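Working notes, beginning with the structure itself.
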Amino acid sequence: MLNVELTAMKAHVKIHWTSSGSVMAGTISSKCHAAEMEVEVESPDDPALVAALVHAAKGGCYAESALLEPVPVTSSVTLNGEPFDYASFPKRAERKR
């Protein structure tokens, strides 16, 4: 939309996660601690235009927005086409053999 001429562009994203607990014990959990993003841009255009492009890209990034502004998460599960209240079951079940 901004008609910025880009001769090269790279993005490096690093997410810091930890997991704890056990799937088998029903105690598994994970947590995102941080996200790092490094963007390398090569362009013959005016740096102010390139900056506007970077601002627009960051402002329109759904992933960055979700991490910066946490929102409630809802989910639903169906089993064999019917609503399934998985939360009413224990987190741990015997393994199928």
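Within each chain, counting starts at residue 1; across the structure tokens, chains are named A, B, ... in the order shown, with ligands numbered 1 upward in that order.
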Self-check item: Residues near region 57-64 of chain A, cut-off 12 Å, only C-alpha atoms, skip fewer than 4 positions along chain, as a list of chain:residue names
Solution: A:Met1, A:Leu2, A:Ala11, A:Val13, A:Ile15, A:Ala34, A:Ala35, A:Glu36, A:Met37, A:Glu38, A:Val39, A:Val50, A:Ala51, A:Ala52, A:Leu53, A:Leu68, A:Glu69, A:Pro70
Self-check item: Residue list (strand (DSSP E or B), DSSP) for chain A, as number ranges by chain
Solution: A: 8-20, 29-42, 78-79, 82-83
Quiz item: So which bits of chain A end up alpha helix (DSSP H) when you DSSP the backbone, as a ChimeraX atom specification?
Solution: /A:47-59,62-68
Quiz item: What is the distance, in Å and to one decimal place, between CA of Gly21 (chain A) and CA of Pro90 (chain A)?
Solution: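 CA of Pro90 (chain A) lies 15.4 Å from CA of Gly21 (chain A).
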Quiz item: Skipping near chain neighbours, those fewer than 4 positions away, what residues fall within 7 Å of Asp45 (chain A) using only C-alpha atoms, listed as an MDAnalysis selection string?
Solution: chainID A and resid 4:5 49:50
Can you spit out the residues from that selection as an mmCIF file, in the first residue's frame, using C-alpha atoms?
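again_17.cif, written as the output of this step:
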```cif
data_model
loop_
_atom_site.group_PDB
_atom_site.id
_atom_site.type_symbol
_atom_site.label_atom_id
_atom_site.label_comp_id
_atom_site.auth_asym_id
_atom_site.auth_seq_id
_atom_site.Cartn_x
_atom_site.Cartn_y
_atom_site.Cartn_z
ATOM 1 C CA VAL A 4 8.090 0.984 -0.571
ATOM 2 C CA GLU A 5 10.807 -0.560 -2.709
ATOM 3 C CA LEU A 49 8.885 5.780 4.240
ATOM 4 C CA VAL A 50 10.576 2.577 5.412
#
```
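Every protein or nucleic acid residue with an atom no more than 9 Å from Met24 (chain A), counting only C-alpha atoms and leaving out same-chain residues fewer than 6 positions away, appears here: Arg92, Ala93, Glu94 and Arg95 of chain A.
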